[in-house]
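Novice: What follows is structure.tsv, TSV, C-alpha atoms.
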```tsv
chain	number	residue	atom	x	y	z
Y	185	MET	CA	53.55	70.34	-105.75
Y	186	LEU	CA	52.33	72.85	-103.17
Y	187	VAL	CA	54.29	71.08	-100.42
Y	188	LEU	CA	57.52	71.73	-102.31
Y	189	ARG	CA	56.76	75.45	-102.68
Y	190	LEU	CA	56.04	75.80	-98.98
Y	191	ALA	CA	59.14	73.78	-98.13
Y	192	ALA	CA	61.20	76.16	-100.25
Y	193	ILE	CA	59.97	79.11	-98.17
Y	194	GLY	CA	60.89	77.38	-94.94
Y	195	ALA	CA	64.23	76.22	-96.31
Y	196	ALA	CA	65.04	79.75	-97.37
Y	197	PHE	CA	64.72	80.78	-93.73
Y	198	ALA	CA	67.28	78.14	-92.92
Y	199	VAL	CA	69.89	79.36	-95.36
Y	200	GLY	CA	69.26	82.99	-94.54
Y	201	ALA	CA	69.15	82.79	-90.77
Y	202	ALA	CA	72.20	80.59	-90.57
Y	203	SER	CA	74.56	83.54	-90.68
Y	204	SER	CA	72.77	85.61	-88.08
Y	205	PRO	CA	74.50	86.45	-84.80
Y	206	ALA	CA	72.46	85.73	-81.70
Y	207	ALA	CA	72.18	89.45	-80.90
Y	208	ALA	CA	70.50	91.85	-83.34
Y	209	GLN	CA	72.70	94.31	-85.21
Y	210	THR	CA	72.09	97.75	-86.66
Y	211	ALA	CA	74.06	96.80	-89.80
Y	212	TRP	CA	74.09	93.23	-91.10
Y	213	ALA	CA	77.43	92.31	-92.66
Y	214	PRO	CA	77.96	88.58	-92.03
Y	215	ARG	CA	80.60	86.29	-93.48
Y	216	GLU	CA	79.58	82.66	-93.25
Y	217	ARG	CA	79.36	79.37	-95.16
Y	218	LEU	CA	77.25	76.58	-93.75
Y	219	GLU	CA	75.67	73.32	-94.83
Y	220	MET	CA	72.39	72.37	-93.19
Y	221	VAL	CA	70.40	69.14	-93.48
Y	222	TYR	CA	66.65	68.89	-92.81
Y	223	ASP	CA	64.28	65.94	-92.71
Y	224	VAL	CA	60.75	66.89	-93.81
Y	225	THR	CA	58.03	64.70	-92.32
Y	226	ALA	CA	54.27	64.26	-92.59
Y	227	GLY	CA	53.82	61.37	-90.21
Y	228	ALA	CA	56.72	59.68	-92.01
Y	229	ARG	CA	59.87	61.12	-93.59
Y	230	ILE	CA	58.97	62.42	-97.08
Y	231	VAL	CA	61.73	64.83	-98.22
Y	232	GLU	CA	65.40	65.49	-97.43
Y	233	LEU	CA	66.78	69.02	-97.89
Y	234	THR	CA	70.50	69.79	-98.00
Y	235	LEU	CA	71.37	73.49	-98.09
Y	236	GLU	CA	74.67	75.20	-98.75
Y	237	PHE	CA	74.68	78.86	-97.82
Y	238	ALA	CA	77.25	81.59	-98.39
Y	239	VAL	CA	76.97	85.30	-97.58
Y	240	VAL	CA	79.78	87.82	-97.65
Y	241	GLY	CA	78.86	91.42	-96.88
Y	242	ASP	CA	76.15	92.47	-99.34
Y	243	ASN	CA	76.31	89.34	-101.56
Y	244	TYR	CA	74.45	86.06	-101.03
Y	245	GLN	CA	74.62	82.70	-102.78
Y	246	ILE	CA	72.46	79.68	-101.93
Y	247	ALA	CA	72.41	76.13	-103.27
Y	248	SER	CA	69.91	73.49	-102.19
Y	249	ARG	CA	69.37	69.84	-103.04
Y	250	GLN	CA	66.05	68.25	-102.27
Y	251	ALA	CA	64.48	64.87	-103.02
Y	252	SER	CA	61.53	62.76	-102.00
Y	253	VAL	CA	62.45	59.76	-99.85
Y	254	GLY	CA	60.93	56.59	-98.45
Y	255	VAL	CA	57.50	55.43	-99.58
Y	256	VAL	CA	56.71	58.87	-101.02
Y	257	ARG	CA	59.54	58.42	-103.52
Y	258	TRP	CA	57.69	55.46	-105.06
Y	259	VAL	CA	54.53	57.56	-105.55
Y	260	PHE	CA	56.11	60.98	-106.25
Y	261	PRO	CA	59.69	60.39	-107.43
Y	262	TRP	CA	61.20	63.89	-107.34
Y	263	GLN	CA	64.61	65.48	-107.08
Y	264	SER	CA	65.71	69.05	-107.63
Y	265	ARG	CA	68.55	71.54	-107.18
Y	266	THR	CA	68.09	75.28	-106.68
Y	267	ASP	CA	70.83	77.94	-107.07
Y	268	VAL	CA	70.27	81.60	-106.20
Y	269	MET	CA	72.58	84.62	-106.34
Y	270	GLY	CA	71.88	88.22	-105.41
Y	271	ARG	CA	72.90	91.21	-103.32
Y	272	PHE	CA	71.64	93.82	-100.89
Y	273	LEU	CA	71.68	97.36	-102.26
Y	274	GLY	CA	70.66	99.97	-99.71
Y	275	ASP	CA	67.32	98.83	-98.31
Y	276	ALA	CA	66.55	96.69	-101.38
Y	277	THR	CA	67.17	92.99	-101.99
Y	278	GLN	CA	68.19	92.44	-105.61
Y	279	PRO	CA	68.24	88.92	-107.06
Y	280	ALA	CA	70.67	88.31	-109.93
Y	281	THR	CA	69.96	84.70	-110.98
Y	282	TYR	CA	67.53	81.96	-109.96
Y	283	ARG	CA	67.93	78.40	-111.24
Y	284	VAL	CA	65.90	75.26	-110.52
Y	285	LYS	CA	66.66	71.97	-112.25
Y	286	GLY	CA	65.20	68.57	-111.47
Y	287	GLU	CA	62.84	65.73	-112.32
Y	288	PHE	CA	59.32	64.83	-111.25
Y	289	ARG	CA	58.03	61.37	-112.10
Y	290	GLY	CA	60.82	60.98	-114.63
Y	291	GLN	CA	60.03	64.23	-116.47
Y	292	PRO	CA	62.55	67.12	-116.52
Y	293	ARG	CA	61.47	70.36	-114.88
Y	294	SER	CA	63.52	73.54	-114.82
Y	295	ILE	CA	63.31	77.28	-114.26
Y	296	GLU	CA	65.85	79.92	-115.25
Y	297	MET	CA	65.33	83.55	-114.25
Y	298	ASP	CA	67.76	86.44	-114.78
Y	299	TYR	CA	67.46	89.93	-113.32
Y	300	ARG	CA	68.94	93.32	-114.17
Y	301	ASP	CA	68.93	95.96	-111.41
Y	302	GLY	CA	66.48	93.76	-109.51
Y	303	GLN	CA	63.99	93.53	-112.40
Y	304	LEU	CA	63.18	90.25	-114.17
Y	305	VAL	CA	64.50	90.30	-117.74
Y	306	ARG	CA	64.40	86.57	-118.59
Y	307	ASN	CA	62.19	83.69	-117.51
Y	308	GLU	CA	62.30	80.21	-119.05
Y	309	ALA	CA	60.30	77.36	-117.54
Y	310	VAL	CA	60.23	73.74	-118.74
Y	311	PRO	CA	57.47	72.81	-119.17
Y	312	GLU	CA	55.81	76.16	-119.81
Y	313	ASN	CA	52.64	76.97	-117.87
Y	314	ARG	CA	50.34	76.23	-120.80
Y	315	ASP	CA	51.88	72.75	-121.11
Y	316	ASP	CA	51.77	72.22	-117.33
Y	317	GLU	CA	48.01	72.80	-116.96
Y	318	ARG	CA	48.62	76.15	-115.27
Y	319	ASP	CA	47.11	79.59	-115.64
Y	320	GLU	CA	49.43	82.11	-117.24
Y	321	VAL	CA	51.14	84.88	-115.25
Y	322	THR	CA	51.06	88.21	-117.08
Y	323	PRO	CA	54.02	90.62	-117.20
Y	324	GLU	CA	51.91	93.07	-115.18
Y	325	GLN	CA	51.32	90.46	-112.46
Y	326	ARG	CA	54.99	89.59	-112.05
Y	327	ALA	CA	56.27	93.19	-112.25
Y	328	GLY	CA	58.28	94.05	-109.15
Y	329	ALA	CA	58.21	90.48	-107.79
Y	330	ILE	CA	61.38	88.68	-106.69
Y	331	ASP	CA	62.22	85.00	-106.30
Y	332	PRO	CA	61.15	83.23	-103.05
Y	333	ILE	CA	64.69	82.76	-101.70
Y	334	SER	CA	65.53	86.45	-102.14
Y	335	ALA	CA	62.23	87.43	-100.49
Y	336	VAL	CA	63.15	85.45	-97.39
Y	337	MET	CA	66.69	86.85	-97.44
Y	338	ALA	CA	65.09	90.31	-97.21
Y	339	VAL	CA	63.19	89.19	-94.10
Y	340	ILE	CA	66.32	87.67	-92.54
Y	341	ARG	CA	68.15	90.96	-93.02
Y	342	GLN	CA	65.24	92.80	-91.42
Y	343	ILE	CA	65.34	90.45	-88.41
Y	344	ASN	CA	69.07	90.96	-87.96
Y	345	GLU	CA	68.71	94.72	-88.01
Y	346	GLY	CA	66.36	94.42	-85.03
Y	347	ARG	CA	63.12	95.08	-86.94
Y	348	GLY	CA	61.46	91.67	-86.53
Y	349	CYS	CA	60.01	89.68	-89.43
Y	350	THR	CA	56.61	91.36	-89.99
Y	351	SER	CA	56.40	92.26	-93.70
Y	352	ARG	CA	54.82	91.38	-97.07
Y	353	HIS	CA	56.68	90.44	-100.27
Y	354	ALA	CA	55.60	89.94	-103.88
Y	355	VAL	CA	57.08	86.70	-105.23
Y	356	PHE	CA	57.32	84.97	-108.62
Y	357	ASP	CA	59.01	81.55	-108.72
Y	358	GLY	CA	59.02	81.10	-112.50
Y	359	ARG	CA	55.60	79.46	-112.58
Y	360	MET	CA	53.44	81.05	-109.90
Y	361	ARG	CA	52.92	84.57	-108.63
Y	362	PHE	CA	52.13	84.77	-104.92
Y	363	ASP	CA	52.61	86.99	-101.89
Y	364	ILE	CA	54.33	85.89	-98.68
Y	365	LEU	CA	53.21	87.57	-95.44
Y	366	PHE	CA	55.45	87.34	-92.37
Y	367	GLU	CA	54.46	88.12	-88.77
Y	368	ASP	CA	56.29	87.99	-85.42
Y	369	LYS	CA	54.70	85.53	-82.98
Y	370	GLY	CA	56.94	85.83	-79.91
Y	371	GLN	CA	58.75	82.89	-78.29
Y	372	ARG	CA	57.99	79.22	-77.74
Y	373	GLU	CA	59.65	76.37	-75.89
Y	374	LEU	CA	60.53	73.46	-78.18
Y	375	PRO	CA	60.87	70.00	-76.62
Y	376	ARG	CA	63.45	67.58	-78.01
Y	377	THR	CA	62.00	65.30	-80.68
Y	378	ALA	CA	63.34	62.36	-82.63
Y	379	GLY	CA	65.50	63.55	-85.51
Y	380	SER	CA	65.99	67.11	-84.19
Y	381	ILE	CA	69.20	68.51	-82.69
Y	382	PHE	CA	67.56	71.38	-80.74
Y	383	GLN	CA	65.72	71.71	-77.43
Y	384	GLY	CA	64.93	75.10	-75.85
Y	385	VAL	CA	63.38	78.54	-76.48
Y	386	ALA	CA	62.93	79.67	-80.10
Y	387	GLU	CA	61.71	82.87	-81.76
Y	388	VAL	CA	58.58	82.23	-83.86
Y	389	CYS	CA	57.92	83.85	-87.26
Y	390	GLU	CA	54.67	82.92	-89.00
Y	391	PHE	CA	54.33	83.10	-92.77
Y	392	THR	CA	51.25	82.98	-95.02
Y	393	TRP	CA	51.39	81.93	-98.67
Y	394	VAL	CA	48.79	83.87	-100.74
Y	395	PRO	CA	48.33	82.65	-104.35
Y	396	ILE	CA	47.85	85.37	-106.98
Y	397	ALA	CA	48.29	83.79	-110.44
Y	398	GLY	CA	49.74	80.75	-112.21
Y	399	ARG	CA	47.71	78.23	-110.23
Y	400	SER	CA	47.57	74.62	-111.33
Y	401	ARG	CA	44.25	73.62	-112.90
Y	402	LYS	CA	44.66	70.07	-111.59
Y	403	ALA	CA	42.40	69.11	-108.71
Y	404	THR	CA	43.50	66.91	-105.81
Y	405	ALA	CA	40.69	65.15	-103.94
Y	406	ASN	CA	38.14	67.47	-105.58
Y	407	ARG	CA	40.04	70.61	-104.58
Y	408	ASN	CA	42.94	72.71	-105.83
Y	409	PRO	CA	45.47	73.20	-103.01
Y	410	GLU	CA	47.17	76.00	-104.94
Y	411	ALA	CA	43.98	78.09	-104.86
Y	412	GLU	CA	44.04	78.47	-101.08
Y	413	ASN	CA	46.08	80.47	-98.57
Y	414	ARG	CA	48.50	78.37	-96.50
Y	415	THR	CA	50.30	79.21	-93.28
Y	416	GLY	CA	53.54	78.06	-91.70
Y	417	ARG	CA	55.86	78.80	-88.80
Y	418	VAL	CA	59.63	79.00	-88.48
Y	419	PHE	CA	61.22	78.50	-85.04
Y	420	MET	CA	64.58	80.28	-84.99
Y	421	ALA	CA	67.15	79.55	-82.28
Y	422	PRO	CA	70.92	79.88	-81.67
Y	423	LEU	CA	72.66	76.66	-82.70
Y	424	GLY	CA	76.19	75.30	-82.92
Y	425	GLU	CA	79.45	76.53	-81.40
Y	426	ARG	CA	79.01	80.07	-82.74
Y	427	GLY	CA	75.40	80.32	-81.59
Y	428	VAL	CA	74.21	81.29	-85.05
Y	429	LEU	CA	70.46	81.67	-85.54
Y	430	ALA	CA	68.89	78.91	-87.62
Y	431	PRO	CA	65.43	77.36	-87.81
Y	432	ALA	CA	65.28	74.54	-85.28
Y	433	ARG	CA	61.88	73.59	-86.68
Y	434	ILE	CA	59.75	74.52	-89.69
Y	435	GLU	CA	56.00	73.81	-89.87
Y	436	PHE	CA	53.49	74.47	-92.63
Y	437	GLU	CA	49.86	73.54	-93.15
Y	438	THR	CA	48.66	71.60	-96.19
Y	439	TRP	CA	45.30	70.23	-97.23
Y	440	PHE	CA	46.32	66.83	-95.83
Y	441	GLY	CA	47.77	68.07	-92.51
Y	442	THR	CA	50.86	69.67	-90.97
Y	443	VAL	CA	54.27	69.07	-92.55
Y	444	VAL	CA	57.32	69.53	-90.31
Y	445	GLY	CA	60.98	70.18	-91.15
Y	446	HIS	CA	63.46	68.95	-88.51
Y	447	LEU	CA	67.00	70.32	-88.44
Y	448	ARG	CA	69.17	67.20	-88.39
Y	449	GLU	CA	72.67	68.60	-88.87
Y	450	VAL	CA	74.65	71.86	-89.24
Y	451	ARG	CA	78.17	71.86	-90.66
Y	452	GLY	CA	80.60	74.74	-91.20
Y	453	LEU	CA	82.27	74.92	-94.61
Y	454	PRO	CA	85.63	76.43	-95.63
Y	455	GLN	CA	85.27	80.15	-96.27
Y	456	LYS	CA	85.79	81.26	-99.87
Y	457	ALA	CA	87.05	84.67	-100.85
Y	458	SER	CA	83.56	85.87	-101.84
Y	459	ALA	CA	79.98	84.77	-102.46
Y	460	GLU	CA	80.03	85.63	-106.12
```
Let me see whether you can do it: turn the structure in this file into structure tokens.
Specialist:
Amino acid sequence: MLVLRLAAIGAAFAVGAASSPAAAQTAWAPRERLEMVYDVTAGARIVELTLEFAVVGDNYQIASRQASVGVVRWVFPWQSRTDVMGRFLGDATQPATYRVKGEFRGQPRSIEMDYRDGQLVRNEAVPENRDDERDEVTPEQRAGAIDPISAVMAVIRQINEGRGCTSRHAVFDGRMRFDILFEDKGQRELPRTAGSIFQGVAEVCEFTWVPIAGRSRKATANRNPEAENRTGRVFMAPLGERGVLAPARIEFETWFGTVVGHLREVRGLPQKASAE
């Protein structure tokens, strides 16, 4: 589902930004473990995201659990877990492993990607694209691309080094190849809303999802949502006792309207020795 891909981009901002100090640094070397809970709504609550984030120095590790809820669960029963590990090496962001495991309408779906020196060396998707009514992604198309969580981690690092979020990243999520474009959009005042824990001024970063290959051949309402560019916005603000930067709100546009992610809760977790 396109909504789930866009939600993953927004959620990645949450896990990445959560370790950021309120003031920009010249060298980003955080040490933080947080759990964050988001409610995703489209008029009604449709998805719950729970994110566990750990970063120690140059290493990052992210785990997320997501599932459809409410009425949507009856129509699109879906649950999934994503685990990502990687590191920063110089100016580069190097993923090590990317795992997604879940079910959609009772059918298992999984992705396993392994990297060596930042280059993809193994990709296994269940079902495969040809069995999932998707176009194939060629080795040439996915060359140099990284997973979506690692792409956002690169942007978060850039923000924390005082360089803003404007950038473009080549991404492959195991099924689709797409680009993500990020652009600074200044500040905006967010009013308090039901289900959100933040009210105040937030920094706005806009992202655009640009499909390249691996699109679904299934049409929805006589159109293919995965064949079109989509935009979203992340509103980042200092939250909690430490004033860490985290998305107070995430918005993205879909063919059926705007979907919004509300930050419901932030919890600190016991610090482990490393994020390995």
Novice: Mind checking which residues fall within 6 Å of Phe436 in chain Y, counting all atoms listed in the file, ignoring those fewer than 6 positions away in the same chain, and posting them as a ChimeraX atom specification?
Specialist: /Y:415-416,442-443
Novice: Which is closest to Val239 in chain Y among Y:Trp393, Y:Phe260, Y:Trp439, Y:Phe272, if we use all atoms listed in the file?
Specialist: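 Residue with the minimum atom-to-atom distance to Val239 in chain Y: Y:Phe272.
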Novice: Hey, which bits of range 223-331 of chain Y sit within 10 Å of range 357-377 of chain Y, and for each residue what's the closest pair of atoms and how far apart in Å (one decimal), counting all atoms listed in the file, rows by chain and increasing number, as a Markdown table?
Specialist:
```
| residue | atom | partner | partner_atom | distance |
| --- | --- | --- | --- | --- |
| Y:Tyr282 | CA | Y:Asp357 | CA | 8.6 |
| Y:Arg283 | CA | Y:Gly358 | CA | 9.4 |
| Y:Val284 | CA | Y:Gly358 | CA | 9.2 |
| Y:Ser294 | CA | Y:Gly358 | CA | 9.1 |
| Y:Ile295 | CA | Y:Gly358 | CA | 6.0 |
| Y:Glu296 | CA | Y:Gly358 | CA | 7.5 |
| Y:Met297 | CA | Y:Gly358 | CA | 7.0 |
| Y:Arg306 | CA | Y:Gly358 | CA | 9.8 |
| Y:Asn307 | CA | Y:Gly358 | CA | 6.5 |
| Y:Glu308 | CA | Y:Gly358 | CA | 7.4 |
| Y:Ala309 | CA | Y:Gly358 | CA | 6.4 |
| Y:Val310 | CA | Y:Arg359 | CA | 9.6 |
| Y:Pro311 | CA | Y:Arg359 | CA | 9.5 |
| Y:Glu312 | CA | Y:Arg359 | CA | 8.0 |
| Y:Asn313 | CA | Y:Arg359 | CA | 6.6 |
| Y:Asp316 | CA | Y:Arg359 | CA | 9.5 |
| Y:Arg318 | CA | Y:Arg359 | CA | 8.2 |
| Y:Asp319 | CA | Y:Met360 | CA | 8.7 |
| Y:Glu320 | CA | Y:Arg359 | CA | 8.2 |
| Y:Val321 | CA | Y:Arg361 | CA | 6.9 |
| Y:Thr322 | CA | Y:Arg361 | CA | 9.4 |
| Y:Gln325 | CA | Y:Arg361 | CA | 7.2 |
| Y:Arg326 | CA | Y:Arg361 | CA | 6.4 |
| Y:Ala327 | CA | Y:Arg361 | CA | 9.9 |
| Y:Ala329 | CA | Y:Arg361 | CA | 8.0 |
| Y:Ile330 | CA | Y:Asp357 | CA | 7.8 |
| Y:Asp331 | CA | Y:Asp357 | CA | 5.3 |
```
Novice: So, with all atoms listed in the file as the atoms that count, which of Y:Leu304, Y:Ile434, Y:Val444, Y:Ile343 lies closest to Gln278 in chain Y?
Specialist: Y:Leu304
